[in-house]
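Next comes model.cif, with mmCIF, C-alpha atoms.
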```cif
data_input
#
loop_
_atom_site.label_atom_id
_atom_site.label_comp_id
_atom_site.auth_asym_id
_atom_site.auth_seq_id
_atom_site.Cartn_x
_atom_site.Cartn_y
_atom_site.Cartn_z
CA MET A 18 -69.03 36.97 -137.94
CA ALA A 19 -70.32 36.52 -134.42
CA VAL A 20 -72.37 39.25 -132.83
CA PRO A 21 -70.22 41.02 -130.21
CA GLY A 22 -70.98 39.62 -126.79
CA ALA A 23 -72.76 36.56 -128.24
CA GLU A 24 -71.28 33.15 -127.46
CA THR A 25 -69.91 31.28 -130.47
CA SER A 26 -72.20 28.33 -131.18
CA ASP A 27 -71.05 24.79 -130.41
CA GLU A 28 -71.33 23.91 -134.07
CA ALA A 29 -69.15 26.86 -135.15
CA LEU A 30 -66.51 25.89 -132.56
CA ALA A 31 -66.73 22.26 -133.68
CA ALA A 32 -66.13 23.30 -137.30
CA GLN A 33 -63.09 25.37 -136.27
CA ALA A 34 -61.77 22.54 -134.10
CA ALA A 35 -62.25 20.06 -136.95
CA ALA A 36 -60.09 22.31 -139.11
CA GLY A 37 -57.29 22.05 -136.56
CA ASP A 38 -58.02 25.07 -134.37
CA GLU A 39 -56.89 23.69 -130.97
CA PRO A 40 -58.09 26.67 -128.89
CA ALA A 41 -61.58 26.14 -130.37
CA PHE A 42 -61.42 22.48 -129.26
CA GLU A 43 -60.36 23.54 -125.77
CA ASP A 44 -63.24 26.04 -125.65
CA LEU A 45 -65.61 23.11 -126.25
CA VAL A 46 -63.87 21.09 -123.54
CA ILE A 47 -64.19 23.95 -121.08
CA ARG A 48 -67.82 24.53 -122.03
CA TYR A 49 -68.87 20.91 -121.51
CA GLN A 50 -66.43 19.27 -119.10
CA ALA A 51 -68.49 19.81 -115.94
CA ARG A 52 -71.63 18.43 -117.61
CA VAL A 53 -69.78 15.44 -119.03
CA PHE A 54 -68.17 14.72 -115.66
CA ARG A 55 -71.52 14.91 -113.87
CA LEU A 56 -73.16 12.67 -116.48
CA ALA A 57 -70.32 10.12 -116.22
CA ARG A 58 -70.41 10.24 -112.43
CA ARG A 59 -74.13 9.56 -112.44
CA LEU A 60 -73.76 6.71 -114.93
CA THR A 61 -70.73 5.02 -113.35
CA GLY A 62 -71.33 5.79 -109.68
CA ASP A 63 -67.60 6.29 -109.18
CA ASP A 64 -65.29 9.35 -109.26
CA GLY A 65 -62.35 7.52 -110.83
CA ASP A 66 -64.48 5.89 -113.53
CA ALA A 67 -66.11 9.24 -114.26
CA GLN A 68 -62.71 10.89 -114.63
CA ASP A 69 -61.52 8.16 -117.03
CA ALA A 70 -64.74 8.41 -119.03
CA LEU A 71 -64.36 12.21 -119.20
CA GLN A 72 -60.85 11.90 -120.66
CA GLU A 73 -61.84 9.14 -123.05
CA ALA A 74 -64.93 11.03 -124.26
CA PHE A 75 -63.01 14.18 -125.15
CA LEU A 76 -60.25 12.16 -126.84
CA GLN A 77 -62.92 10.51 -129.00
CA VAL A 78 -64.51 13.88 -129.71
CA HIS A 79 -61.15 15.22 -130.85
CA ARG A 80 -60.60 12.22 -133.10
CA GLY A 81 -64.15 12.25 -134.42
CA LEU A 82 -64.50 15.98 -135.10
CA PRO A 83 -63.22 15.83 -138.70
CA SER A 84 -66.02 13.39 -139.54
CA PHE A 85 -68.66 15.22 -137.46
CA ARG A 86 -70.82 16.68 -140.19
CA GLY A 87 -73.43 18.29 -138.03
CA GLU A 88 -76.28 15.81 -138.77
CA ALA A 89 -76.93 15.98 -135.04
CA ARG A 90 -76.36 18.88 -132.68
CA PHE A 91 -72.86 18.89 -131.25
CA SER A 92 -74.22 18.38 -127.72
CA THR A 93 -76.27 15.34 -128.79
CA TRP A 94 -73.22 13.80 -130.44
CA LEU A 95 -71.09 14.55 -127.36
CA TYR A 96 -73.68 13.05 -124.99
CA ARG A 97 -73.73 9.89 -127.09
CA ILE A 98 -69.94 9.57 -126.96
CA ALA A 99 -69.83 10.39 -123.24
CA THR A 100 -72.64 7.95 -122.38
CA ASN A 101 -70.85 5.14 -124.21
CA ALA A 102 -67.51 6.00 -122.62
CA ALA A 103 -69.11 5.93 -119.17
CA LEU A 104 -70.76 2.57 -119.85
CA MET A 105 -67.46 1.11 -121.04
CA GLN A 106 -65.83 2.22 -117.79
CA ARG A 107 -68.68 0.81 -115.79
CA ARG A 108 -68.47 -2.55 -117.52
CA ALA A 109 -64.69 -2.69 -117.30
CA ARG A 110 -64.95 -2.62 -113.53
CA ARG A 111 -66.90 -5.81 -112.93
CA ARG A 112 -69.04 -5.07 -109.95
CA ARG A 113 -70.95 -7.59 -107.95
CA PRO A 114 -74.45 -7.62 -109.38
CA ALA A 115 -76.55 -5.05 -107.56
CA GLU A 116 -79.66 -6.25 -105.82
CA SER A 117 -82.57 -5.38 -108.05
CA LEU A 118 -84.94 -2.51 -107.33
CA GLU A 119 -87.87 -4.50 -108.73
CA ALA A 120 -89.09 -5.06 -105.18
CA TYR A 121 -89.81 -1.33 -104.93
CA LEU A 122 -92.30 -1.19 -107.80
CA PRO A 123 -95.79 -0.11 -106.70
CA ARG A 124 -98.19 -2.85 -105.63
CA PHE A 125 -101.81 -3.17 -106.62
CA ASP A 126 -104.56 -5.49 -105.40
CA ALA A 127 -106.67 -7.79 -107.57
CA LYS A 128 -108.94 -4.90 -108.53
CA GLY A 129 -105.96 -2.83 -109.67
CA GLU A 130 -106.17 -0.47 -106.71
CA HIS A 131 -103.12 0.73 -104.76
CA ALA A 132 -102.26 -1.71 -101.96
CA ALA A 133 -100.66 1.01 -99.80
CA THR A 134 -102.38 3.84 -97.91
CA PRO A 135 -102.20 7.47 -99.09
CA ALA A 136 -99.70 8.27 -96.30
CA GLU A 137 -97.46 5.37 -97.36
CA LEU A 138 -97.74 6.41 -100.99
CA HIS A 139 -96.76 9.94 -100.05
CA ALA A 140 -93.65 8.78 -98.17
CA PRO A 141 -91.09 9.50 -100.95
CA CYS A 142 -92.03 13.20 -100.75
CA ARG A 143 -91.05 13.19 -97.08
CA VAL A 144 -87.51 11.81 -97.32
CA GLU A 145 -86.06 15.31 -97.33
CA GLU A 146 -87.63 16.25 -94.00
CA LEU A 147 -86.94 12.85 -92.42
CA LEU A 148 -83.37 12.17 -93.49
CA ASP A 149 -80.19 14.12 -93.01
CA ARG A 150 -79.22 15.78 -96.29
CA GLN A 151 -75.97 13.83 -96.64
CA ILE A 152 -77.55 10.51 -95.80
CA LEU A 153 -80.31 11.16 -98.33
CA ALA A 154 -77.75 12.04 -101.03
CA GLU A 155 -75.84 8.82 -100.29
CA LYS A 156 -78.98 6.68 -100.35
CA ALA A 157 -80.29 8.31 -103.52
CA ARG A 158 -76.96 7.65 -105.25
CA ALA A 159 -77.11 4.06 -104.02
CA GLY A 160 -80.59 3.74 -105.51
CA LEU A 161 -79.37 5.12 -108.82
CA GLU A 162 -76.48 2.64 -108.74
CA ARG A 163 -78.91 -0.24 -108.23
CA LEU A 164 -81.05 0.61 -111.24
CA PRO A 165 -80.59 -1.84 -114.13
CA ASP A 166 -78.34 -0.26 -116.84
CA LEU A 167 -81.21 -0.28 -119.29
CA TYR A 168 -83.21 2.12 -117.16
CA ARG A 169 -80.31 4.10 -115.67
CA GLU A 170 -79.10 5.53 -118.99
CA ALA A 171 -82.50 6.86 -120.00
CA PHE A 172 -83.29 8.12 -116.50
CA VAL A 173 -79.95 9.91 -116.08
CA LEU A 174 -80.18 11.65 -119.45
CA ARG A 175 -83.86 12.57 -119.19
CA ASP A 176 -84.44 13.28 -115.52
CA LEU A 177 -81.02 14.12 -114.11
CA GLU A 178 -79.34 15.88 -117.04
CA GLU A 179 -82.79 17.11 -118.10
CA LEU A 180 -82.45 16.53 -121.84
CA PRO A 181 -85.75 16.55 -123.72
CA THR A 182 -87.11 13.06 -124.44
CA SER A 183 -86.57 13.56 -128.18
CA GLU A 184 -82.86 14.25 -127.60
CA VAL A 185 -82.47 11.28 -125.23
CA ALA A 186 -84.02 9.16 -127.97
CA GLU A 187 -81.39 10.45 -130.40
CA VAL A 188 -78.52 9.88 -127.96
CA LEU A 189 -79.59 6.31 -127.20
CA GLY A 190 -80.85 5.45 -130.69
CA LEU A 191 -84.36 4.65 -129.42
CA GLU A 192 -87.90 5.72 -130.22
CA PRO A 193 -89.23 8.41 -127.85
CA ALA A 194 -91.91 5.97 -126.63
CA ALA A 195 -89.19 3.52 -125.57
CA VAL A 196 -87.37 6.30 -123.70
CA ARG A 197 -90.56 7.25 -121.87
CA GLN A 198 -91.16 3.61 -120.94
CA ARG A 199 -87.65 3.20 -119.49
CA VAL A 200 -87.68 6.50 -117.62
CA HIS A 201 -91.10 5.66 -116.22
CA ARG A 202 -89.89 2.31 -114.90
CA ALA A 203 -86.82 3.97 -113.32
CA ARG A 204 -89.01 6.60 -111.64
CA LEU A 205 -91.29 3.89 -110.23
CA MET A 206 -88.42 1.89 -108.77
CA LEU A 207 -86.62 4.91 -107.32
CA ARG A 208 -89.86 6.30 -105.96
CA GLY A 209 -90.47 3.08 -104.03
CA TYR A 210 -86.86 2.92 -102.91
CA LEU A 211 -86.95 6.48 -101.54
CA GLY A 212 -90.23 5.79 -99.78
CA ALA A 213 -88.74 2.70 -98.17
CA LEU A 214 -85.98 4.89 -96.67
CA THR A 215 -88.67 6.39 -94.44
CA GLY A 216 -89.52 2.91 -93.17
CA VAL A 217 -92.59 2.51 -95.33
CA LYS A 218 -93.37 -0.34 -97.75
CA PRO A 219 -93.86 0.62 -101.43
CA MET B 23 -111.92 3.55 -108.06
CA ASN B 24 -113.96 5.73 -110.40
CA ALA B 25 -114.21 6.96 -113.99
CA GLY B 26 -113.66 3.43 -115.27
CA LEU B 27 -109.90 3.49 -114.65
CA ALA B 28 -108.01 1.44 -112.05
CA CYS B 29 -105.10 2.90 -110.07
CA ALA B 30 -102.77 0.41 -111.77
CA SER B 31 -103.67 1.56 -115.29
CA GLY B 32 -103.48 5.18 -114.21
CA ALA B 33 -100.03 4.66 -112.72
CA SER B 34 -98.80 3.09 -115.95
CA LEU B 35 -99.82 6.20 -117.90
CA LEU B 36 -98.13 8.83 -115.74
CA MET B 37 -95.00 9.39 -117.81
CA ASP B 38 -97.00 9.78 -121.02
CA TYR B 39 -99.43 12.03 -119.16
CA LEU B 40 -96.68 14.34 -117.88
CA GLU B 41 -95.10 14.49 -121.33
CA ASP B 42 -98.44 15.28 -122.92
CA ALA B 43 -98.32 12.12 -125.00
CA LEU B 44 -101.82 10.80 -124.16
CA PRO B 45 -104.94 10.99 -126.33
CA ALA B 46 -107.38 13.60 -124.96
CA ASP B 47 -110.02 11.10 -123.79
CA ILE B 48 -107.55 8.97 -121.83
CA ARG B 49 -106.03 12.10 -120.36
CA ARG B 50 -109.45 13.20 -119.12
CA ASP B 51 -110.17 9.76 -117.62
CA LEU B 52 -106.84 9.80 -115.81
CA GLU B 53 -107.33 13.32 -114.43
CA SER B 54 -110.80 12.52 -113.19
CA HIS B 55 -109.66 9.27 -111.57
CA VAL B 56 -106.73 10.91 -109.77
CA ALA B 57 -108.88 13.83 -108.58
CA GLY B 58 -111.22 11.38 -106.83
CA CYS B 59 -108.58 8.96 -105.49
CA PRO B 60 -106.46 10.02 -102.46
CA ARG B 61 -104.07 7.11 -103.04
CA CYS B 62 -103.36 8.15 -106.61
CA THR B 63 -103.08 11.80 -105.58
CA ALA B 64 -100.33 10.84 -103.12
CA PHE B 65 -98.75 8.49 -105.63
CA VAL B 66 -98.62 11.15 -108.36
CA ALA B 67 -97.08 13.70 -105.97
CA SER B 68 -94.29 11.28 -105.04
CA TYR B 69 -93.81 10.18 -108.65
CA ARG B 70 -93.27 13.80 -109.67
CA GLU B 71 -90.92 14.54 -106.76
CA THR B 72 -88.66 11.53 -107.30
CA PRO B 73 -86.55 12.84 -110.22
CA ARG B 74 -85.85 16.13 -108.44
CA ILE B 75 -84.74 14.40 -105.23
CA VAL B 76 -82.35 12.10 -107.09
CA ARG B 77 -81.14 14.96 -109.31
CA GLU B 78 -80.24 17.15 -106.35
CA ALA B 79 -78.62 14.25 -104.50
CA SER B 80 -76.41 13.30 -107.46
CA ALA B 81 -75.43 16.78 -108.66
CA VAL B 82 -71.69 16.42 -108.09
CA ALA B 83 -69.24 19.12 -109.12
CA MET B 84 -65.96 18.35 -110.88
CA PRO B 85 -63.24 17.70 -108.30
CA PRO B 86 -60.90 20.67 -107.94
CA GLY B 87 -57.88 20.35 -110.20
CA LEU B 88 -59.57 18.01 -112.66
CA GLU B 89 -60.18 20.79 -115.18
CA ALA B 90 -56.46 21.61 -115.43
CA SER B 91 -55.43 17.96 -115.47
CA LEU B 92 -57.97 17.16 -118.22
CA LEU B 93 -56.57 19.90 -120.47
CA ARG B 94 -53.00 18.72 -119.72
CA PHE B 95 -53.96 15.13 -120.52
CA LEU B 96 -55.65 16.09 -123.80
CA ARG B 97 -52.73 18.31 -124.87
CA ALA B 98 -50.27 15.50 -124.18
CA ARG B 99 -52.33 12.95 -126.10
CA ARG B 100 -52.85 15.28 -129.03
CA GLY B 101 -49.15 15.98 -129.15
CA ASN B 102 -48.43 12.27 -129.78
#
```
For this file, produce the structure as structure tokens.
Amino acid sequence: MAVPGAETSDEALAAQAAAGDEPAFEDLVIRYQARVFRLARRLTGDDGDAQDALQEAFLQVHRGLPSFRGEARFSTWLYRIATNAALMQRRARRRRPAESLEAYLPRFDAKGEHAATPAELHAPCRVEELLDRQILAEKARAGLERLPDLYREAFVLRDLEELPTSEVAEVLGLEPAAVRQRVHRARLMLRGYLGALTGVKP
Amino acid sequence: MNAGLACASGASLLMDYLEDALPADIRRDLESHVAGCPRCTAFVASYRETPRIVREASAVAMPPGLEASLLRFLRARRGN
């Protein structure tokens, strides 16, 4: 039995929930709902979509629990379901195509040296002192929204939800090297975008 | 430019560098290039700061009331 005071593991709760223990299922919901909502909000860019994805994800978890055999950690399995639910919501609401962030990638001259000055290159570090906190939050969310889907998923899971690269690879069904490549590209674009908010070219 | 590595190649290696996924010799070349290049030093600093800035800006909490309505929704659907 569980050690007194120790939290029951996700996998133990999942096994109980799979056997029809509804309070165990609700314990999992309560444990993860805030993280799933935040993930869905970051992936969809919209409160309503995030709420729908949250509901859909936990419905799918409930349905899938009997066949969840614990090949993956419960959290990895949940993140996969939640990520897919969020992307379905995002796609269902056809948005106008966002202007690409490609223009914010770093620029190099013919010799492969940075085209910008050190001060310009340092600009993204200064957005917090130069912009009002709320404006910065709005702009940063807008930047996230403008990332191509391909890069947004990996970036959100790795850098915003702070999952290890190996777990992001499992969630997305990719090799770790592919995750690193996508996250890197997202960081480069967002870095240039943040710098541009201070009036500086990437 | 120094240590036989251009800024552009260095920049392309940053993620692997920060995740400790580079061979030792390339890692050393990168470190020595960045140490001698003010542009890359600034670039690396901003590259490392970017995820934190976006993370803090997008760290939304669940709207009040959503927790209760989620449980109600799931109970109703499971009851069907």
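The coordinates place CA of Glu184 (chain A) at 21.3 Å from CA of Met105 (chain A).
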I want to know what sits within 7 Å of region 25-38 of chain B, based on only C-alpha atoms, with residues of the same chain fewer than 2 positions away left out; could you give that as an mmCIF file with C-alpha atoms, keeping the file's coordinate frame?
```
data_model
loop_
_atom_site.group_PDB
_atom_site.id
_atom_site.type_symbol
_atom_site.label_atom_id
_atom_site.label_comp_id
_atom_site.auth_asym_id
_atom_site.auth_seq_id
_atom_site.Cartn_x
_atom_site.Cartn_y
_atom_site.Cartn_z
ATOM 1 C CA PHE A 125 -101.810 -3.170 -106.620
ATOM 2 C CA GLY A 129 -105.960 -2.830 -109.670
ATOM 3 C CA GLU A 130 -106.170 -0.470 -106.710
ATOM 4 C CA HIS A 131 -103.120 0.730 -104.760
ATOM 5 C CA ARG A 197 -90.560 7.250 -121.870
ATOM 6 C CA HIS A 201 -91.100 5.660 -116.220
ATOM 7 C CA MET B 23 -111.920 3.550 -108.060
ATOM 8 C CA LEU B 40 -96.680 14.340 -117.880
ATOM 9 C CA GLU B 41 -95.100 14.490 -121.330
ATOM 10 C CA ASP B 42 -98.440 15.280 -122.920
ATOM 11 C CA ALA B 43 -98.320 12.120 -125.000
ATOM 12 C CA LEU B 44 -101.820 10.800 -124.160
ATOM 13 C CA ASP B 51 -110.170 9.760 -117.620
ATOM 14 C CA LEU B 52 -106.840 9.800 -115.810
ATOM 15 C CA SER B 54 -110.800 12.520 -113.190
ATOM 16 C CA HIS B 55 -109.660 9.270 -111.570
ATOM 17 C CA CYS B 62 -103.360 8.150 -106.610
#
```
Can you build me a table of chain A residues sitting at most 7 Å from chain B, with the closest atom pair per residue and its distance in Å to one decimal, using only C-alpha atoms, sorted by chain and residue number, as JSON lines?
```
{"residue": "A:Ala51", "atom": "CA", "partner": "B:Met84", "partner_atom": "CA", "distance": 5.8}
{"residue": "A:Phe54", "atom": "CA", "partner": "B:Met84", "partner_atom": "CA", "distance": 6.4}
{"residue": "A:Arg55", "atom": "CA", "partner": "B:Val82", "partner_atom": "CA", "distance": 6.0}
{"residue": "A:Arg59", "atom": "CA", "partner": "B:Ser80", "partner_atom": "CA", "distance": 6.6}
{"residue": "A:Gln72", "atom": "CA", "partner": "B:Leu92", "partner_atom": "CA", "distance": 6.5}
{"residue": "A:Leu76", "atom": "CA", "partner": "B:Leu96", "partner_atom": "CA", "distance": 6.8}
{"residue": "A:Phe125", "atom": "CA", "partner": "B:Ala30", "partner_atom": "CA", "distance": 6.3}
{"residue": "A:Gly129", "atom": "CA", "partner": "B:Ala30", "partner_atom": "CA", "distance": 5.0}
{"residue": "A:Glu130", "atom": "CA", "partner": "B:Cys29", "partner_atom": "CA", "distance": 4.9}
{"residue": "A:His131", "atom": "CA", "partner": "B:Cys29", "partner_atom": "CA", "distance": 6.1}
{"residue": "A:Thr134", "atom": "CA", "partner": "B:Arg61", "partner_atom": "CA", "distance": 6.3}
{"residue": "A:Pro135", "atom": "CA", "partner": "B:Arg61", "partner_atom": "CA", "distance": 4.4}
{"residue": "A:Leu138", "atom": "CA", "partner": "B:Phe65", "partner_atom": "CA", "distance": 5.2}
{"residue": "A:His139", "atom": "CA", "partner": "B:Ala64", "partner_atom": "CA", "distance": 4.8}
{"residue": "A:Pro141", "atom": "CA", "partner": "B:Ser68", "partner_atom": "CA", "distance": 5.5}
{"residue": "A:Cys142", "atom": "CA", "partner": "B:Ser68", "partner_atom": "CA", "distance": 5.2}
{"residue": "A:Ala154", "atom": "CA", "partner": "B:Ala79", "partner_atom": "CA", "distance": 4.2}
{"residue": "A:Ala157", "atom": "CA", "partner": "B:Val76", "partner_atom": "CA", "distance": 5.6}
{"residue": "A:Arg158", "atom": "CA", "partner": "B:Ser80", "partner_atom": "CA", "distance": 6.1}
{"residue": "A:Asp176", "atom": "CA", "partner": "B:Pro73", "partner_atom": "CA", "distance": 5.7}
{"residue": "A:Leu177", "atom": "CA", "partner": "B:Arg77", "partner_atom": "CA", "distance": 4.9}
{"residue": "A:Arg197", "atom": "CA", "partner": "B:Met37", "partner_atom": "CA", "distance": 6.4}
{"residue": "A:His201", "atom": "CA", "partner": "B:Met37", "partner_atom": "CA", "distance": 5.6}
{"residue": "A:Arg204", "atom": "CA", "partner": "B:Thr72", "partner_atom": "CA", "distance": 6.6}
{"residue": "A:Leu205", "atom": "CA", "partner": "B:Tyr69", "partner_atom": "CA", "distance": 7.0}
{"residue": "A:Leu207", "atom": "CA", "partner": "B:Thr72", "partner_atom": "CA", "distance": 6.9}
{"residue": "A:Arg208", "atom": "CA", "partner": "B:Thr72", "partner_atom": "CA", "distance": 5.5}
```
Take the residues from that selection and write them out as a short mmCIF file (atom, residue, chain, number, x, y, z; two decimals), in the coordinates of the input, keeping C-alpha atoms.
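Writing done, so here's part.cif:
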```
data_model
loop_
_atom_site.label_atom_id
_atom_site.label_comp_id
_atom_site.auth_asym_id
_atom_site.auth_seq_id
_atom_site.Cartn_x
_atom_site.Cartn_y
_atom_site.Cartn_z
CA ALA A 51 -68.49 19.81 -115.94
CA PHE A 54 -68.17 14.72 -115.66
CA ARG A 55 -71.52 14.91 -113.87
CA ARG A 59 -74.13 9.56 -112.44
CA GLN A 72 -60.85 11.90 -120.66
CA LEU A 76 -60.25 12.16 -126.84
CA PHE A 125 -101.81 -3.17 -106.62
CA GLY A 129 -105.96 -2.83 -109.67
CA GLU A 130 -106.17 -0.47 -106.71
CA HIS A 131 -103.12 0.73 -104.76
CA THR A 134 -102.38 3.84 -97.91
CA PRO A 135 -102.20 7.47 -99.09
CA LEU A 138 -97.74 6.41 -100.99
CA HIS A 139 -96.76 9.94 -100.05
CA PRO A 141 -91.09 9.50 -100.95
CA CYS A 142 -92.03 13.20 -100.75
CA ALA A 154 -77.75 12.04 -101.03
CA ALA A 157 -80.29 8.31 -103.52
CA ARG A 158 -76.96 7.65 -105.25
CA ASP A 176 -84.44 13.28 -115.52
CA LEU A 177 -81.02 14.12 -114.11
CA ARG A 197 -90.56 7.25 -121.87
CA HIS A 201 -91.10 5.66 -116.22
CA ARG A 204 -89.01 6.60 -111.64
CA LEU A 205 -91.29 3.89 -110.23
CA LEU A 207 -86.62 4.91 -107.32
CA ARG A 208 -89.86 6.30 -105.96
#
```
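The two atoms in question, CA of Val46 (chain A) and CA of Pro181 (chain A), are spaced 22.3 Å apart.
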What does the PyMOL selection byres ((chain A and resi 163-170) around 9) select in this file, as an MDAnalysis selection string?
chainID A and resid 59:60 100 104 114:119 158:162 171:175 189 196 198:203 206:207
Grab the CA of Phe75 (chain A) to CA of Ala109 (chain A) distance for me, in Å with one decimal place.
18.7 Å
Which residue gives the smallest distance to Ser84 (chain A) among A:Leu153, A:Ala34, A:Ala194, A:Tyr210, with all atoms listed in the file counted?
A:Ala34
